[in-house]
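K.L.:
One structure is given below, represented as structure tokens, and several questions about it will come after.
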Amino acid sequence: MEFENFQLWSMSGETCPEGTIPVRRTKEQDILRASSIRRFGRKIKRPVRRDTTSNGHEHAVGYVTGDQYYGAKASINVWAPKVTNQYEFSLSQMWVISGSFGDDLNTIEAGWQVSPELYGDNYPRFFTYWTSDAYQATGCYNLLCSGFVQTNNRIAIGAAISPTSSYNGGQYDISIMIWKDPKHGHWWLEFGSGVLVGYWPSFLFTHLRGSASMIQFGGEIVNSRGNGFHTSTQMGSGHFAGEGFGKASYFRNLQVVDWDNSLIPLSNLKVLADHPNCYDIQGGINRVWGNYFYYGGPGRNQRCS
């Protein structure tokens with residue numbers, strides 16, 4: 001997909017003048033949907049350890065640890081998963097992580113998400129996130145607080161992505177790279193082939209002023225257990241990993257940036273699904289896709305209640 005065509009808002013031919021950037025308008029209804037004004041645009045604070053099932057957040061992820069990482073890149077299959085209520089979301093993203101999974105966690109995140117609470121609809125939207133204290137007082141989605149510095153006047157963060165993939169039909173993906181500028185130490189976001197979107201200044205962070213200690217790719221949903229049952233909110237395409245191409249959602253060409261500012265393949269990708277009867281993941285490697293995995297699922301089913 002060419003980056004000019006991937007956003008619904010720009011299909012009308014609308015552009016922003018030089019020296020300006022597109023910013024998604026925040027409306028009164030957007031703020032009223034939030035649980036509080038203070039929480040607007042923020043992830044719910046939660047223990048972020050990937051082996052916990054706290055607060056209803058469930059994951060199917062691939063990750064690497066044990067080294068110093070200076071960025072990551074992946075192509076992420078885009079779908080429009082069903083989200084069953086306003087307070088749940090479904091996202092597919094990459095995380096650049098440093099610090100412990102206590103109060104000092106630093107993360108930089110980017111990908112696509114369906115979030116009726118944040119956007120008031122069910123479109124998959126290009127998003128970013130950051131925190132320097134485990135989602136407590138710092139950080140936010142997109143441009144909803146100061147932090148991320150956008151430099152591109154053609155890409156709107158929070159814009160709906162189109163077209164999206166269909167079951168047994170056309171498959172679309174977006175390529176995202178986050179990398180650390182060795183000269184100034186800022187973390188840059190790149191979309192597609194070489195399109196710079198903007199950067200997170202290094203002073204926002206503590207641990208990420210240096211390098212990342214973990215890179216993670218995959219899906220996350222919120223399960224609010226309405227009516228006492230597991231949610232039917234879908235992850236990825238809403239189909240399990242075993243269905244493969246055209247049916248299950250994928251991440252492909254997973255790479256990390258090393259100390260030499262070079263993109264290299266992953267050497268030790270691990271995969272984890274914390275509720276495999278609801279959402280699962282299967283990794284692989286081949287010549288065309290490099291490191292890849294299929295992931296996702298339907299949520300509530302006979303084995304997931």
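Numbering starts fresh at 1 for the residues of each chain in the structure tokens, the chains themselves are lettered A, B, ... in the order given, and ligands are numbered from 1 as they appear.
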What lies within 12 Å of Asn168 in chain A using only C-alpha atoms, ignoring chain neighbours under 3 positions off, as number ranges by chain?
P.N.:
A: 165, 171, 237, 239, 243-249
K.L.:
Near Glu109 in chain A, counting only C-alpha atoms, which residues have an atom at most 7 Å away, once you skip same-chain residues fewer than 4 positions from it, shown as an NGL selection string?
P.N.:
:A and (93-96 or 128-130)
K.L.:
Can you measure CA of Leu272 in chain A to CA of Gly284 in chain A for me? One decimal in Å is fine.
P.N.:
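About the pair CA of Leu272 in chain A and CA of Gly284 in chain A: they are 13.5 Å apart.
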K.L.:
With a distance cut-off of 10 Å and only C-alpha atoms, select the neighbouring residues of Pro81 in chain A, excluding the residue or stretch itself and same-chain residues fewer than 2 positions from it, and output the selection as a PyMOL selection string.
P.N.:
chain A and resi 78-79+83-84+89-91+113-114+122-124+233-239+296-298
K.L.:
What parts of range 53-245 of chain A does DSSP call strand (DSSP E)? I'd like the answer as an MDAnalysis selection string.
P.N.:
chainID A and resid 57:69 71:77 90:98 106:114 125:131 149:150 173:180 187:191 195:200 212:222
K.L.:
Which neighbours of Asn142 in chain A fall inside 9 Å, counting only C-alpha atoms, when residues of the same chain fewer than 3 positions from it are skipped, and could you give them as a list in words?
P.N.:
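In the requested format, the answer is Gly41, Phe126, Phe127, Thr128, Tyr129, Trp130, Cys145, Phe148, Ile157 and Gly158 of chain A.
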K.L.:
What does the file look like for those residues with N, CA, C and O atoms, as a compact mmCIF listing (two decimals), in the first residue's frame?
P.N.:
# COMPACT_ATOMS: atom_id res chain seq x y z
N GLY A 41 -7.65 9.60 26.50
CA GLY A 41 -6.48 9.39 25.65
C GLY A 41 -5.39 8.56 26.27
O GLY A 41 -4.30 8.48 25.73
N PHE A 126 -4.58 4.13 12.58
CA PHE A 126 -3.14 4.22 12.83
C PHE A 126 -2.94 4.97 14.14
O PHE A 126 -3.51 6.04 14.34
N PHE A 127 -2.15 4.39 15.08
CA PHE A 127 -2.00 5.06 16.37
C PHE A 127 -0.59 4.94 16.90
O PHE A 127 0.20 4.09 16.48
N THR A 128 -0.28 5.83 17.85
CA THR A 128 0.98 5.75 18.60
C THR A 128 0.64 5.85 20.09
O THR A 128 -0.44 6.30 20.47
N TYR A 129 1.59 5.42 20.92
CA TYR A 129 1.44 5.56 22.37
C TYR A 129 2.83 5.63 22.99
O TYR A 129 3.80 5.14 22.40
N TRP A 130 2.92 6.26 24.15
CA TRP A 130 4.18 6.22 24.92
C TRP A 130 3.86 6.36 26.40
O TRP A 130 2.83 6.92 26.78
N CYS A 145 -1.63 14.39 24.11
CA CYS A 145 -0.86 15.13 25.12
C CYS A 145 0.44 15.52 24.44
O CYS A 145 0.74 15.05 23.35
N PHE A 148 5.04 13.26 21.66
CA PHE A 148 5.42 12.92 20.28
C PHE A 148 5.44 14.20 19.44
O PHE A 148 4.52 15.01 19.51
N ILE A 157 -2.13 10.99 12.51
CA ILE A 157 -2.15 9.93 13.52
C ILE A 157 -3.56 9.87 14.10
O ILE A 157 -4.14 10.89 14.46
N GLY A 158 -4.11 8.67 14.17
CA GLY A 158 -5.50 8.51 14.58
C GLY A 158 -6.45 8.44 13.40
O GLY A 158 -7.66 8.32 13.57
K.L.:
Leaving out Gly218 in chain A and any residue of its chain fewer than 4 positions from it, which residues lie within 6 Å of it when counting only C-alpha atoms, given as a PyMOL selection string?
P.N.:
chain A and resi 60-61+92-93
K.L.:
Those residues with C-alpha atoms, as a CSV table (one decimal), in the first residue's frame please?
P.N.:
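Saved result, selection11.csv, follows:
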chain,number,residue,atom,x,y,z
A,60,ALA,CA,-1.0,-13.0,21.6
A,61,VAL,CA,2.5,-11.7,21.1
A,92,SER,CA,-2.2,-4.9,16.7
A,93,GLN,CA,1.1,-3.1,17.4
K.L.:
Which one is closest to Pro265 in chain A: A:Asn291, A:Gln68, A:Asn223, A:Asn286? Count only C-alpha atoms.
P.N.:
A:Asn291
K.L.:
Considering only C-alpha atoms, return as number ranges by chain whatever protein or nucleic-acid residues lie within 7 Å of Leu189 in chain A, sequence-local ones (same chain, fewer than 4 positions apart) excluded.
P.N.:
A: 177-179, 196-199
K.L.:
What does the distance from CA of Pro17 in chain A to CA of Ile155 in chain A come to in Å, to one decimal?
P.N.:
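One can read the CA of Pro17 in chain A to CA of Ile155 in chain A distance as 12.5 Å.
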K.L.:
Between A:Ile31, A:Pro22, A:Val149, A:Ile76, single out the one closest to Tyr292 in chain A, counting only C-alpha atoms.
P.N.:
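With only C-alpha atoms as the atom set, the closest residue is A:Ile76.
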K.L.:
Using only C-alpha atoms for the distances, tell me which of A:Asp280, A:Asp173, A:Asp133, A:Glu88 is nearest to Gly56 in chain A.
P.N.:
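Closest residue, counting only C-alpha atoms: A:Glu88.
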K.L.:
Enter the distance from CA of Gly13 in chain A to CA of Ile176 in chain A, in Å, rounded to one decimal.
P.N.:
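Going from CA of Gly13 in chain A over to CA of Ile176 in chain A covers 23.5 Å.
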K.L.:
Name the residues of range 68-263 of chain A that fall into helix (DSSP H, G or I) according to DSSP on the backbone, using the chain letters and numbers of this document, as an mmCIF file with all heavy atoms, in the first residue's frame.
P.N.:
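Final file, out_12.cif:
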data_model
loop_
_atom_site.group_PDB
_atom_site.id
_atom_site.type_symbol
_atom_site.label_atom_id
_atom_site.label_comp_id
_atom_site.auth_asym_id
_atom_site.auth_seq_id
_atom_site.Cartn_x
_atom_site.Cartn_y
_atom_site.Cartn_z
ATOM 1 N N PRO A 116 -13.750 1.999 20.034
ATOM 2 C CA PRO A 116 -14.959 2.846 20.016
ATOM 3 C C PRO A 116 -14.915 3.950 21.067
ATOM 4 O O PRO A 116 -15.415 5.054 20.825
ATOM 5 C CB PRO A 116 -16.092 1.861 20.310
ATOM 6 C CG PRO A 116 -15.549 0.513 19.960
ATOM 7 C CD PRO A 116 -14.073 0.582 20.213
ATOM 8 N N GLU A 117 -14.285 3.680 22.218
ATOM 9 C CA GLU A 117 -14.235 4.720 23.259
ATOM 10 C C GLU A 117 -13.412 5.912 22.802
ATOM 11 O O GLU A 117 -13.805 7.058 22.982
ATOM 12 C CB GLU A 117 -13.649 4.155 24.557
ATOM 13 C CG GLU A 117 -13.599 5.210 25.660
ATOM 14 C CD GLU A 117 -13.003 4.699 26.965
ATOM 15 O OE1 GLU A 117 -12.370 3.627 26.959
ATOM 16 O OE2 GLU A 117 -13.164 5.382 27.982
ATOM 17 N N LEU A 118 -12.271 5.643 22.175
ATOM 18 C CA LEU A 118 -11.371 6.729 21.791
ATOM 19 C C LEU A 118 -11.861 7.474 20.556
ATOM 20 O O LEU A 118 -11.747 8.701 20.477
ATOM 21 C CB LEU A 118 -9.972 6.150 21.540
ATOM 22 C CG LEU A 118 -8.781 7.088 21.632
ATOM 23 C CD1 LEU A 118 -8.755 7.827 22.959
ATOM 24 C CD2 LEU A 118 -7.487 6.314 21.430
ATOM 25 N N TYR A 119 -12.414 6.743 19.583
ATOM 26 C CA TYR A 119 -12.713 7.364 18.286
ATOM 27 C C TYR A 119 -14.206 7.428 17.953
ATOM 28 O O TYR A 119 -14.587 8.086 16.988
ATOM 29 C CB TYR A 119 -11.999 6.596 17.171
ATOM 30 C CG TYR A 119 -10.509 6.468 17.387
ATOM 31 C CD1 TYR A 119 -9.932 5.249 17.756
ATOM 32 C CD2 TYR A 119 -9.664 7.564 17.237
ATOM 33 C CE1 TYR A 119 -8.575 5.124 17.960
ATOM 34 C CE2 TYR A 119 -8.300 7.458 17.439
ATOM 35 C CZ TYR A 119 -7.759 6.229 17.796
ATOM 36 O OH TYR A 119 -6.410 6.108 18.006
ATOM 37 N N SER A 202 14.140 12.079 23.376
ATOM 38 C CA SER A 202 14.734 11.175 24.369
ATOM 39 C C SER A 202 14.443 11.642 25.795
ATOM 40 O O SER A 202 14.374 10.824 26.716
ATOM 41 C CB SER A 202 16.243 11.056 24.153
ATOM 42 O OG SER A 202 16.866 12.307 24.303
ATOM 43 N N PHE A 203 14.238 12.968 25.996
ATOM 44 C CA PHE A 203 14.037 13.449 27.373
ATOM 45 C C PHE A 203 12.703 13.002 27.971
ATOM 46 O O PHE A 203 12.474 13.168 29.174
ATOM 47 C CB PHE A 203 14.168 14.976 27.437
ATOM 48 C CG PHE A 203 13.108 15.743 26.689
ATOM 49 C CD1 PHE A 203 11.795 15.816 27.158
ATOM 50 C CD2 PHE A 203 13.437 16.405 25.507
ATOM 51 C CE1 PHE A 203 10.829 16.535 26.463
ATOM 52 C CE2 PHE A 203 12.462 17.115 24.803
ATOM 53 C CZ PHE A 203 11.153 17.173 25.295
ATOM 54 N N LEU A 204 11.811 12.436 27.158
ATOM 55 C CA LEU A 204 10.545 11.921 27.701
ATOM 56 C C LEU A 204 10.781 10.706 28.599
ATOM 57 O O LEU A 204 9.924 10.371 29.413
ATOM 58 C CB LEU A 204 9.600 11.493 26.564
ATOM 59 C CG LEU A 204 9.093 12.575 25.615
ATOM 60 C CD1 LEU A 204 8.288 11.931 24.489
ATOM 61 C CD2 LEU A 204 8.244 13.589 26.361
ATOM 62 N N HIS A 207 14.709 4.954 31.069
ATOM 63 C CA HIS A 207 15.453 3.805 30.515
ATOM 64 C C HIS A 207 15.642 3.905 29.004
ATOM 65 O O HIS A 207 16.691 3.526 28.483
ATOM 66 C CB HIS A 207 14.733 2.507 30.874
ATOM 67 C CG HIS A 207 14.621 2.279 32.346
ATOM 68 N ND1 HIS A 207 15.689 1.932 33.128
ATOM 69 C CD2 HIS A 207 13.565 2.375 33.186
ATOM 70 C CE1 HIS A 207 15.299 1.817 34.391
ATOM 71 N NE2 HIS A 207 14.015 2.082 34.451
ATOM 72 N N LEU A 208 14.647 4.402 28.301
ATOM 73 C CA LEU A 208 14.754 4.463 26.835
ATOM 74 C C LEU A 208 15.644 5.605 26.358
ATOM 75 O O LEU A 208 15.802 5.794 25.157
ATOM 76 C CB LEU A 208 13.359 4.576 26.194
ATOM 77 C CG LEU A 208 12.571 3.267 26.087
ATOM 78 C CD1 LEU A 208 11.171 3.515 25.550
ATOM 79 C CD2 LEU A 208 13.301 2.247 25.216
ATOM 80 N N ARG A 209 16.230 6.368 27.288
ATOM 81 C CA ARG A 209 17.274 7.302 26.845
ATOM 82 C C ARG A 209 18.459 6.515 26.296
ATOM 83 O O ARG A 209 19.230 7.040 25.487
ATOM 84 C CB ARG A 209 17.732 8.199 27.997
ATOM 85 C CG ARG A 209 16.692 9.243 28.336
ATOM 86 C CD ARG A 209 17.199 10.242 29.353
ATOM 87 N NE ARG A 209 16.089 11.053 29.847
ATOM 88 C CZ ARG A 209 16.207 12.006 30.733
ATOM 89 N NH1 ARG A 209 17.389 12.288 31.254
ATOM 90 N NH2 ARG A 209 15.139 12.692 31.122
ATOM 91 N N GLY A 226 -18.638 -8.790 30.067
ATOM 92 C CA GLY A 226 -20.031 -8.387 30.203
ATOM 93 C C GLY A 226 -20.920 -9.616 30.306
ATOM 94 O O GLY A 226 -20.648 -10.634 29.659
ATOM 95 N N ASN A 227 -21.946 -9.554 31.134
ATOM 96 C CA ASN A 227 -22.860 -10.683 31.372
ATOM 97 C C ASN A 227 -22.153 -11.912 31.946
ATOM 98 O O ASN A 227 -22.694 -13.016 31.898
ATOM 99 C CB ASN A 227 -23.596 -11.100 30.083
ATOM 100 C CG ASN A 227 -24.308 -9.932 29.433
ATOM 101 O OD1 ASN A 227 -24.857 -9.087 30.129
ATOM 102 N ND2 ASN A 227 -24.277 -9.871 28.111
ATOM 103 N N GLY A 228 -20.928 -11.722 32.450
ATOM 104 C CA GLY A 228 -20.233 -12.840 33.078
ATOM 105 C C GLY A 228 -19.531 -13.779 32.123
ATOM 106 O O GLY A 228 -18.936 -14.767 32.544
ATOM 107 N N ALA A 241 -4.807 -18.602 14.416
ATOM 108 C CA ALA A 241 -3.572 -18.599 13.632
ATOM 109 C C ALA A 241 -3.494 -19.760 12.647
ATOM 110 O O ALA A 241 -2.971 -19.609 11.536
ATOM 111 C CB ALA A 241 -2.373 -18.640 14.583
ATOM 112 N N GLY A 242 -4.025 -20.911 13.027
ATOM 113 C CA GLY A 242 -3.902 -22.118 12.197
ATOM 114 C C GLY A 242 -4.581 -22.013 10.842
ATOM 115 O O GLY A 242 -4.296 -22.816 9.945
ATOM 116 N N GLU A 243 -5.457 -21.033 10.657
ATOM 117 C CA GLU A 243 -6.133 -20.904 9.360
ATOM 118 C C GLU A 243 -5.218 -20.339 8.278
ATOM 119 O O GLU A 243 -5.478 -20.491 7.093
ATOM 120 C CB GLU A 243 -7.406 -20.057 9.490
ATOM 121 C CG GLU A 243 -8.480 -20.714 10.341
ATOM 122 C CD GLU A 243 -9.842 -20.056 10.155
ATOM 123 O OE1 GLU A 243 -10.194 -19.670 9.020
ATOM 124 O OE2 GLU A 243 -10.554 -19.913 11.161
#
K.L.:
Leaving out Arg300 in chain A and any residue of its chain fewer than 4 positions from it, which residues lie within 8 Å of it when counting only C-alpha atoms, given as a PyMOL selection string?
P.N.:
chain A and resi 229-233+278+304-305
